[in-house]
>>> print(open('protein-v4.txt').read())   # compact mmCIF, C-alpha atoms
# COMPACT_ATOMS: atom_id res chain seq x y z
CA MET O 1 12.76 -9.40 19.27
CA LYS O 2 12.39 -9.72 15.52
CA VAL O 3 14.91 -10.80 12.96
CA SER O 4 14.67 -8.95 9.64
CA LYS O 5 15.93 -10.28 6.37
CA THR O 6 15.56 -9.60 2.69
CA LEU O 7 14.07 -12.58 0.92
CA ASN O 8 15.22 -13.65 -2.53
CA PHE O 9 13.38 -15.84 -4.99
CA GLY O 10 14.79 -16.90 -8.34
CA GLY O 11 17.72 -14.53 -7.98
CA LYS O 12 15.49 -11.43 -7.71
CA ASN O 13 15.05 -9.34 -4.62
CA ALA O 14 11.66 -10.02 -3.07
CA GLY O 15 11.35 -6.93 -0.93
CA TYR O 16 11.59 -6.13 2.75
CA MET O 17 9.87 -8.90 4.67
CA THR O 18 10.48 -10.27 8.15
CA LEU O 19 9.62 -13.31 10.17
CA SER O 20 9.19 -13.00 13.91
CA ASN O 21 11.41 -15.13 16.09
CA GLU O 22 9.23 -14.80 19.17
CA LYS O 23 9.55 -18.14 20.91
CA ASP O 24 6.77 -20.55 20.03
CA SER O 25 4.57 -17.73 18.72
CA GLY O 26 4.54 -18.96 15.14
CA LYS O 27 3.65 -15.42 14.09
CA ALA O 28 4.70 -14.13 10.68
CA VAL O 29 5.43 -10.45 10.12
CA LEU O 30 5.23 -8.85 6.70
CA TYR O 31 6.41 -5.30 5.94
CA LEU O 32 5.13 -3.44 2.89
CA TYR O 33 7.47 -0.46 3.15
CA GLY O 34 7.79 0.61 -0.47
CA ASP O 35 5.85 1.01 -3.67
CA ILE O 36 3.49 -1.71 -4.91
CA CYS O 37 4.41 -3.22 -8.28
CA GLY O 38 2.51 -5.42 -10.70
CA SER O 39 5.28 -7.97 -11.20
CA MET O 40 8.87 -8.83 -10.32
CA TRP O 41 10.04 -7.08 -13.49
CA ASP O 42 8.46 -3.77 -12.44
CA LYS O 43 10.50 -3.54 -9.24
CA TRP O 44 13.36 -1.05 -9.00
CA PHE O 45 14.25 -1.14 -5.31
CA SER O 46 14.58 -3.69 -2.54
CA ASP O 47 11.56 -2.34 -0.65
CA ASP O 48 9.17 -2.58 -3.63
CA THR O 49 6.63 -5.40 -3.35
CA CYS O 50 4.66 -7.33 -5.96
CA PRO O 51 2.03 -10.10 -5.65
CA GLN O 52 4.59 -12.85 -6.30
CA ASP O 53 6.61 -11.66 -3.29
CA VAL O 54 3.59 -11.99 -1.02
CA SER O 55 2.58 -15.34 -2.51
CA ASP O 56 6.11 -16.68 -1.95
CA PHE O 57 6.13 -15.26 1.58
CA LEU O 58 2.83 -16.90 2.49
CA SER O 59 3.97 -20.23 1.04
CA GLN O 60 6.76 -20.30 3.62
CA ILE O 61 4.51 -20.02 6.67
CA ASP O 62 1.79 -22.23 8.11
CA GLU O 63 -1.58 -21.49 6.53
CA ASN O 64 -3.05 -20.97 10.01
CA ALA O 65 -0.20 -18.85 11.36
CA PRO O 66 -1.11 -15.42 12.75
CA LEU O 67 0.01 -12.75 10.27
CA GLU O 68 1.01 -9.21 11.20
CA MET O 69 1.36 -6.77 8.31
CA HIS O 70 2.96 -3.30 8.53
CA ILE O 71 2.16 -0.68 5.88
CA ASN O 72 4.18 2.39 4.94
CA SER O 73 3.62 2.84 1.22
CA GLY O 74 2.72 5.51 -1.30
CA GLY O 75 0.81 2.98 -3.40
CA GLY O 76 1.56 1.80 -6.92
CA SER O 77 -0.01 -0.73 -9.26
CA VAL O 78 -3.75 -0.94 -8.67
CA PHE O 79 -3.98 -4.44 -10.08
CA GLY O 80 -0.89 -5.58 -8.18
CA GLY O 81 -2.41 -4.20 -5.00
CA LEU O 82 -5.74 -5.91 -5.59
CA ALA O 83 -3.90 -9.20 -6.10
CA ILE O 84 -2.03 -8.71 -2.79
CA TYR O 85 -5.34 -7.88 -1.09
CA SER O 86 -6.80 -11.18 -2.33
CA LEU O 87 -3.76 -13.17 -1.19
CA ILE O 88 -3.94 -11.73 2.33
CA LYS O 89 -7.72 -12.13 2.44
CA ARG O 90 -7.40 -15.85 1.72
CA HIS O 91 -4.89 -16.46 4.51
CA ALA O 92 -6.57 -18.74 7.05
CA GLY O 93 -4.75 -17.44 10.13
CA GLU O 94 -5.69 -14.36 12.10
CA THR O 95 -4.48 -11.19 10.37
CA ILE O 96 -3.80 -7.70 11.68
CA ALA O 97 -2.55 -4.67 9.73
CA TYR O 98 -0.61 -1.77 11.21
CA ILE O 99 -0.51 1.45 9.19
CA ASP O 100 2.78 2.79 10.50
CA GLY O 101 3.21 5.95 8.45
CA LEU O 102 1.42 6.14 5.10
CA ALA O 103 -1.22 4.10 3.32
CA ALA O 104 -1.90 5.91 0.05
CA SER O 105 -3.75 4.90 -3.10
CA ILE O 106 -3.80 1.10 -3.50
CA ALA O 107 -1.79 0.79 -0.26
CA SER O 108 -4.92 2.06 1.51
CA VAL O 109 -6.82 -0.97 0.18
CA ILE O 110 -4.37 -3.76 1.05
CA PRO O 111 -4.66 -3.50 4.87
CA LEU O 112 -8.44 -3.88 4.62
CA ALA O 113 -7.87 -7.55 3.81
CA CYS O 114 -6.92 -8.09 7.45
CA ASP O 115 -9.24 -9.00 10.30
CA LYS O 116 -8.17 -5.88 12.20
CA VAL O 117 -6.57 -2.59 11.14
CA VAL O 118 -4.58 -0.41 13.54
CA ILE O 119 -3.52 3.02 12.30
CA MET O 120 -1.05 5.34 13.99
CA SER O 121 -2.76 8.54 15.12
CA GLU O 122 -0.69 10.86 12.93
CA ALA O 123 -0.23 8.47 10.01
CA GLN O 124 -1.64 9.48 6.62
CA TYR O 125 -4.41 7.59 4.80
CA MET O 126 -5.24 8.61 1.21
CA ILE O 127 -7.87 7.38 -1.22
CA HIS O 128 -8.31 8.57 -4.82
CA LYS O 129 -9.31 7.53 -8.31
CA PRO O 130 -7.12 4.79 -9.81
CA LEU O 131 -4.45 6.00 -12.21
CA MET O 132 -2.95 4.34 -15.26
CA TYR O 133 0.05 5.59 -17.17
CA THR O 134 -0.60 4.54 -20.73
CA GLY O 135 -0.56 5.72 -24.31
CA GLY O 136 -2.26 4.54 -27.45
CA ASN O 137 -5.02 5.42 -29.86
CA ALA O 138 -8.54 6.51 -28.94
CA ASP O 139 -9.88 2.95 -28.78
CA GLU O 140 -7.04 1.83 -26.50
CA LEU O 141 -7.51 4.83 -24.22
CA ARG O 142 -11.25 4.11 -23.95
CA THR O 143 -10.44 0.53 -22.99
CA SER O 144 -8.03 1.81 -20.34
CA ALA O 145 -10.72 4.15 -18.97
CA GLU O 146 -13.17 1.25 -18.72
CA LEU O 147 -10.60 -0.80 -16.83
CA LEU O 148 -10.03 2.07 -14.41
CA ASP O 149 -13.77 2.46 -13.84
CA LYS O 150 -14.01 -1.24 -13.01
CA ALA O 151 -11.00 -0.97 -10.72
CA GLN O 152 -12.63 1.96 -8.90
CA GLU O 153 -15.82 -0.07 -8.46
CA SER O 154 -13.82 -2.95 -6.96
CA ILE O 155 -11.91 -0.62 -4.65
CA THR O 156 -15.10 1.14 -3.53
CA ASN O 157 -16.66 -2.23 -2.73
CA ILE O 158 -13.66 -3.05 -0.52
CA TYR O 159 -13.80 0.30 1.29
CA MET O 160 -17.51 -0.23 1.96
CA THR O 161 -16.79 -3.47 3.83
CA ARG O 162 -14.96 -1.45 6.49
CA VAL O 163 -16.88 1.83 6.79
CA LYS O 164 -18.57 2.87 10.01
CA ASP O 165 -22.33 3.14 10.37
CA GLY O 166 -23.70 6.20 8.62
CA ILE O 167 -20.98 6.37 5.96
CA THR O 168 -22.59 5.86 2.56
CA ARG O 169 -21.25 4.70 -0.78
CA ASP O 170 -21.81 8.23 -2.07
CA ASP O 171 -19.62 9.55 0.76
CA ILE O 172 -16.78 7.21 -0.17
CA THR O 173 -17.16 7.93 -3.89
CA ALA O 174 -16.92 11.67 -3.22
CA MET O 175 -13.74 11.10 -1.19
CA ILE O 176 -12.24 8.98 -3.95
CA ASN O 177 -13.06 11.51 -6.66
CA ALA O 178 -11.56 14.37 -4.64
CA GLU O 179 -8.29 12.61 -3.62
CA THR O 180 -8.81 12.70 0.13
CA TRP O 181 -6.01 12.64 2.72
CA LYS O 182 -6.79 11.89 6.36
CA THR O 183 -4.71 11.52 9.48
CA GLY O 184 -5.05 8.25 11.36
CA LYS O 185 -7.45 9.82 13.84
CA GLU O 186 -9.59 11.22 11.04
CA ALA O 187 -9.58 7.98 9.05
CA ALA O 188 -10.78 6.10 12.13
CA GLY O 189 -13.88 8.29 12.11
CA ILE O 190 -14.76 6.89 8.68
CA PHE O 191 -13.41 3.34 8.71
CA ASP O 192 -13.45 0.60 11.32
CA PHE O 193 -9.88 1.20 12.45
CA GLU O 194 -8.29 1.17 15.87
CA VAL O 195 -6.01 4.12 16.61
CA GLU O 196 -2.64 3.87 18.32
CA ASP O 197 -1.11 7.07 19.64
CA VAL O 198 2.59 7.41 18.83
CA ALA O 199 5.00 10.31 19.18
CA ASN O 200 6.75 9.66 15.87
CA ILE O 201 5.52 7.91 12.74
CA ALA O 202 7.59 6.11 10.15
CA ALA O 203 8.85 8.36 7.37
CA CYS O 204 7.93 7.45 3.81
CA THR O 205 8.98 8.54 0.36
CA SER O 206 7.57 7.32 -2.91
CA ALA O 207 8.18 7.74 -6.62
CA LEU O 208 4.44 8.30 -6.87
CA PHE O 209 4.10 11.53 -4.89
CA ASP O 210 4.27 13.70 -8.01
CA ARG O 211 1.22 11.84 -9.36
CA TYR O 212 -0.98 13.04 -6.47
CA LYS O 213 -2.65 16.43 -6.21
CA SER O 214 -2.71 17.11 -2.48
CA VAL O 215 0.31 15.48 -0.85
CA PRO O 216 0.69 16.87 2.71
CA ASP O 217 3.57 19.32 3.08
CA LYS O 218 5.48 17.14 5.53
CA LEU O 219 5.56 14.30 3.00
CA LYS O 220 6.55 16.62 0.16
CA ASN O 221 9.33 18.10 2.29
CA LYS O 222 10.62 14.64 3.13
CA ALA O 223 10.59 13.66 -0.54
CA ALA O 224 12.43 16.86 -1.48
CA THR O 225 15.09 16.23 1.15
CA ASP O 226 15.65 12.71 -0.13
CA SER O 227 15.70 13.93 -3.73
CA ASN O 228 18.53 16.32 -2.85
CA ALA O 229 20.53 13.61 -1.12
CA GLY O 230 22.28 12.80 -4.40
CA THR O 231 22.56 9.06 -3.85
CA ALA O 232 22.55 6.69 -6.80
CA GLU O 233 19.35 5.07 -5.57
CA LYS O 234 17.48 8.38 -5.39
CA GLN O 235 18.69 9.29 -8.85
CA LYS O 236 17.26 6.01 -10.13
CA LEU O 237 14.04 6.81 -8.29
CA GLN O 238 13.75 10.07 -10.20
CA LEU O 239 14.40 8.30 -13.48
CA TRP O 240 11.65 5.80 -12.63
CA ALA O 241 9.19 8.62 -11.89
CA ASP O 242 10.18 10.50 -15.06
CA SER O 243 9.52 7.44 -17.18
CA TYR O 244 5.81 7.71 -16.32
CA LYS O 245 5.39 11.39 -17.17
>>> encode(input="protein-v4.txt", output="C-alpha cells")
Amino acid sequence: MKVSKTLNFGGKNAGYMTLSNEKDSGKAVLYLYGDICGSMWDKWFSDDTCPQDVSDFLSQIDENAPLEMHINSGGGSVFGGLAIYSLIKRHAGETIAYIDGLAASIASVIPLACDKVVIMSEAQYMIHKPLMYTGGNADELRTSAELLDKAQESITNIYMTRVKDGITRDDITAMINAETWKTGKEAAGIFDFEVEDVANIAACTSALFDRYKSVPDKLKNKAATDSNAGTAEKQKLQLWADSYK
C-alpha cells in the first residue's frame, strides 16, 4: 500500500509526490503527473513539477534509497526538464521509471535518467524539436534559436544513450524533427525499454497539447472533454495556454 500526499515547501505547492510505506522497503516513489516547469513561480497547478520540487523531494530520502518514478506528462520547460534529468541521474540508489500514460517532449527525456525504463504497452511516447515561447528583436530571436539548437543537441545525446543496436543518430534526429509519436510497444523497438501490458493506461491532459502538431486523437478528445468541463481549474489552464500564443 502507498500513502500519497502533496508536499509543500516554503508555502508553495510542490506537486504530486508520494512516499511508499511498504514495511522496511525504504523505497521512495515520485510521480510526475503534470506539466514540467522551470521554477516554482511558473507553476499553476498542484500536479506541475519543477526542479526545486525534485531536489527537495530527494533531500528527504536516503541517498541510496531505491527510487521509483512514474511519468504521465505532456512535457513543458526544456531546461527545467534537463535539470530534473540531472537530479535523478545523480541519485545513488537504484532507479526505475514507469511511463504510465504519456511521456511527451521533455517528459520523454526525464525517465531516461533511470537505470531501467518500463513503458505501458499502449502509453504514448513523443519526441520533437524543443520549443521556446519568446519575443524580442532579431538579435534576441537568434540567441533563442541558438539556445534551442544546443538544447536539441543535449536531448539527442541523452536519447542516444538508450537506443537499441542499429538505431543511428540520424534516425533519432529525423524523429525529433518530424515530431514523432509512438505507442509503448513501438517505442520499445527503438529504445531500451521494457514493456508492460495493461488494459487501461492513465489519462493525461496538458496545457501544451495545442503546441504539438500530431497529438493522437484519443489525447485530443480527452483534452476537449476536460476543456468543456467548465471547472475553474480548467479555465485557468486555458488562460495559461493562451498566454503563450
>>> residues_around(input="protein-v4.txt", residues="O:Ile84", least_positions_apart="4", cutoff="7 Å", atoms="only C-alpha atoms", output="list in words")
Pro51, Val54, Gly80, Ile88 and Ile110 of chain O
>>> atom_distance(input="protein-v4.txt", atom1="atom CA of O:Ala28", atom2="atom CA of O:Leu67")
4.9 Å
>>> atom_distance(input="protein-v4.txt", atom1="atom CA of O:Lys182", atom2="atom CA of O:Ile99")
12.5 Å
>>> axis_aligned_box(input="protein-v4.txt", around="stretch 108-120 of chain O", padding_each_side="6 Å", output="lines of an AutoDock Vina configuration file")
center_x = -5.1
center_y = -1.8
center_z = 7.1
size_x = 20.2
size_y = 26.3
size_z = 25.8
>>> atom_distance(input="protein-v4.txt", atom1="atom CA of O:Leu131", atom2="atom CA of O:Gly101")
22.0 Å
>>> residues_around(input="protein-v4.txt", residues="O:Trp181", least_positions_apart="3", cutoff="7 Å", atoms="all atoms listed in the file", output="PDB file with C-alpha atoms, in the coordinates of the input")
ATOM      1  CA  GLN O 124      -1.640   9.480   6.620  1.00  0.00           C
ATOM      2  CA  TYR O 125      -4.410   7.590   4.800  1.00  0.00           C
ATOM      3  CA  MET O 126      -5.240   8.610   1.210  1.00  0.00           C
ATOM      4  CA  ILE O 127      -7.870   7.380  -1.220  1.00  0.00           C
TER       5      ILE O 127
END
>>> closest_residue(input="protein-v4.txt", among="O:Glu146, O:Asp100, O:Glu196, O:Asp56", to="O:Pro130", atoms="only C-alpha atoms")
O:Glu146
>>> closest_residue(input="protein-v4.txt", among="O:Gly189, O:Gly93, O:Gly184, O:Gly76", to="O:Lys43", atoms="all atoms listed in the file")
O:Gly76
>>> build_atoms(input="protein-v4.txt", residues="stretch 147-158 of chain O", atoms="all heavy atoms", output="PDB file, keeping the file's coordinate frame")
ATOM      1  N   LEU O 147     -11.286  -0.007 -17.835  1.00  0.00           N
ATOM      2  CA  LEU O 147     -10.600  -0.800 -16.830  1.00  0.00           C
ATOM      3  C   LEU O 147     -10.465  -0.035 -15.515  1.00  0.00           C
ATOM      4  O   LEU O 147     -10.648  -0.601 -14.430  1.00  0.00           O
ATOM      5  CB  LEU O 147      -9.212  -1.208 -17.333  1.00  0.00           C
ATOM      6  CG  LEU O 147      -9.148  -2.300 -18.392  1.00  0.00           C
ATOM      7  CD1 LEU O 147      -7.713  -2.456 -18.907  1.00  0.00           C
ATOM      8  CD2 LEU O 147      -9.652  -3.630 -17.827  1.00  0.00           C
ATOM      9  N   LEU O 148     -10.161   1.255 -15.617  1.00  0.00           N
ATOM     10  CA  LEU O 148     -10.030   2.070 -14.410  1.00  0.00           C
ATOM     11  C   LEU O 148     -11.369   2.228 -13.698  1.00  0.00           C
ATOM     12  O   LEU O 148     -11.432   2.215 -12.462  1.00  0.00           O
ATOM     13  CB  LEU O 148      -9.449   3.440 -14.774  1.00  0.00           C
ATOM     14  CG  LEU O 148      -7.975   3.450 -15.177  1.00  0.00           C
ATOM     15  CD1 LEU O 148      -7.575   4.821 -15.690  1.00  0.00           C
ATOM     16  CD2 LEU O 148      -7.089   3.052 -14.008  1.00  0.00           C
ATOM     17  N   ASP O 149     -12.441   2.374 -14.453  1.00  0.00           N
ATOM     18  CA  ASP O 149     -13.770   2.460 -13.840  1.00  0.00           C
ATOM     19  C   ASP O 149     -14.106   1.172 -13.083  1.00  0.00           C
ATOM     20  O   ASP O 149     -14.652   1.205 -11.970  1.00  0.00           O
ATOM     21  CB  ASP O 149     -14.835   2.721 -14.902  1.00  0.00           C
ATOM     22  CG  ASP O 149     -14.819   4.150 -15.422  1.00  0.00           C
ATOM     23  OD1 ASP O 149     -14.242   5.032 -14.743  1.00  0.00           O
ATOM     24  OD2 ASP O 149     -15.377   4.398 -16.516  1.00  0.00           O
ATOM     25  N   LYS O 150     -13.756   0.031 -13.682  1.00  0.00           N
ATOM     26  CA  LYS O 150     -14.010  -1.240 -13.010  1.00  0.00           C
ATOM     27  C   LYS O 150     -13.139  -1.394 -11.774  1.00  0.00           C
ATOM     28  O   LYS O 150     -13.589  -1.914 -10.747  1.00  0.00           O
ATOM     29  CB  LYS O 150     -13.762  -2.391 -13.990  1.00  0.00           C
ATOM     30  CG  LYS O 150     -14.787  -2.480 -15.114  1.00  0.00           C
ATOM     31  CD  LYS O 150     -14.472  -3.598 -16.098  1.00  0.00           C
ATOM     32  CE  LYS O 150     -15.501  -3.652 -17.217  1.00  0.00           C
ATOM     33  NZ  LYS O 150     -15.170  -4.700 -18.214  1.00  0.00           N
ATOM     34  N   ALA O 151     -11.889  -0.914 -11.880  1.00  0.00           N
ATOM     35  CA  ALA O 151     -11.000  -0.970 -10.720  1.00  0.00           C
ATOM     36  C   ALA O 151     -11.545  -0.100  -9.592  1.00  0.00           C
ATOM     37  O   ALA O 151     -11.524  -0.501  -8.420  1.00  0.00           O
ATOM     38  CB  ALA O 151      -9.598  -0.508 -11.111  1.00  0.00           C
ATOM     39  N   GLN O 152     -12.072   1.093  -9.938  1.00  0.00           N
ATOM     40  CA  GLN O 152     -12.630   1.960  -8.900  1.00  0.00           C
ATOM     41  C   GLN O 152     -13.843   1.304  -8.248  1.00  0.00           C
ATOM     42  O   GLN O 152     -14.038   1.412  -7.027  1.00  0.00           O
ATOM     43  CB  GLN O 152     -13.013   3.324  -9.470  1.00  0.00           C
ATOM     44  CG  GLN O 152     -13.599   4.250  -8.409  1.00  0.00           C
ATOM     45  CD  GLN O 152     -13.691   5.689  -8.862  1.00  0.00           C
ATOM     46  OE1 GLN O 152     -12.961   6.116  -9.758  1.00  0.00           O
ATOM     47  NE2 GLN O 152     -14.578   6.450  -8.249  1.00  0.00           N
ATOM     48  N   GLU O 153     -14.663   0.630  -9.033  1.00  0.00           N
ATOM     49  CA  GLU O 153     -15.820  -0.070  -8.460  1.00  0.00           C
ATOM     50  C   GLU O 153     -15.363  -1.143  -7.474  1.00  0.00           C
ATOM     51  O   GLU O 153     -15.926  -1.268  -6.384  1.00  0.00           O
ATOM     52  CB  GLU O 153     -16.655  -0.699  -9.580  1.00  0.00           C
ATOM     53  CG  GLU O 153     -17.911  -1.392  -9.073  1.00  0.00           C
ATOM     54  CD  GLU O 153     -18.759  -1.965 -10.192  1.00  0.00           C
ATOM     55  OE1 GLU O 153     -18.390  -1.788 -11.371  1.00  0.00           O
ATOM     56  OE2 GLU O 153     -19.788  -2.596  -9.882  1.00  0.00           O
ATOM     57  N   SER O 154     -14.332  -1.898  -7.853  1.00  0.00           N
ATOM     58  CA  SER O 154     -13.820  -2.950  -6.960  1.00  0.00           C
ATOM     59  C   SER O 154     -13.264  -2.344  -5.674  1.00  0.00           C
ATOM     60  O   SER O 154     -13.517  -2.852  -4.575  1.00  0.00           O
ATOM     61  CB  SER O 154     -12.727  -3.752  -7.670  1.00  0.00           C
ATOM     62  OG  SER O 154     -13.237  -4.451  -8.785  1.00  0.00           O
ATOM     63  N   ILE O 155     -12.506  -1.265  -5.814  1.00  0.00           N
ATOM     64  CA  ILE O 155     -11.910  -0.620  -4.650  1.00  0.00           C
ATOM     65  C   ILE O 155     -12.987  -0.044  -3.739  1.00  0.00           C
ATOM     66  O   ILE O 155     -12.918  -0.174  -2.512  1.00  0.00           O
ATOM     67  CB  ILE O 155     -10.929   0.472  -5.121  1.00  0.00           C
ATOM     68  CG1 ILE O 155      -9.679  -0.172  -5.724  1.00  0.00           C
ATOM     69  CG2 ILE O 155     -10.559   1.400  -3.981  1.00  0.00           C
ATOM     70  CD1 ILE O 155      -8.785   0.801  -6.449  1.00  0.00           C
ATOM     71  N   THR O 156     -14.001   0.587  -4.325  1.00  0.00           N
ATOM     72  CA  THR O 156     -15.100   1.140  -3.530  1.00  0.00           C
ATOM     73  C   THR O 156     -15.808   0.039  -2.766  1.00  0.00           C
ATOM     74  O   THR O 156     -16.157   0.196  -1.580  1.00  0.00           O
ATOM     75  CB  THR O 156     -16.097   1.888  -4.434  1.00  0.00           C
ATOM     76  OG1 THR O 156     -15.411   2.900  -5.166  1.00  0.00           O
ATOM     77  CG2 THR O 156     -17.190   2.537  -3.599  1.00  0.00           C
ATOM     78  N   ASN O 157     -16.020  -1.101  -3.413  1.00  0.00           N
ATOM     79  CA  ASN O 157     -16.660  -2.230  -2.730  1.00  0.00           C
ATOM     80  C   ASN O 157     -15.850  -2.666  -1.512  1.00  0.00           C
ATOM     81  O   ASN O 157     -16.408  -2.992  -0.457  1.00  0.00           O
ATOM     82  CB  ASN O 157     -16.805  -3.422  -3.687  1.00  0.00           C
ATOM     83  CG  ASN O 157     -17.834  -3.175  -4.774  1.00  0.00           C
ATOM     84  OD1 ASN O 157     -18.702  -2.306  -4.643  1.00  0.00           O
ATOM     85  ND2 ASN O 157     -17.754  -3.919  -5.857  1.00  0.00           N
ATOM     86  N   ILE O 158     -14.518  -2.663  -1.643  1.00  0.00           N
ATOM     87  CA  ILE O 158     -13.660  -3.050  -0.520  1.00  0.00           C
ATOM     88  C   ILE O 158     -13.749  -2.019   0.595  1.00  0.00           C
ATOM     89  O   ILE O 158     -13.903  -2.371   1.772  1.00  0.00           O
ATOM     90  CB  ILE O 158     -12.205  -3.229  -0.992  1.00  0.00           C
ATOM     91  CG1 ILE O 158     -12.098  -4.434  -1.928  1.00  0.00           C
ATOM     92  CG2 ILE O 158     -11.266  -3.400   0.206  1.00  0.00           C
ATOM     93  CD1 ILE O 158     -10.764  -4.569  -2.625  1.00  0.00           C
TER      94      ILE O 158
END
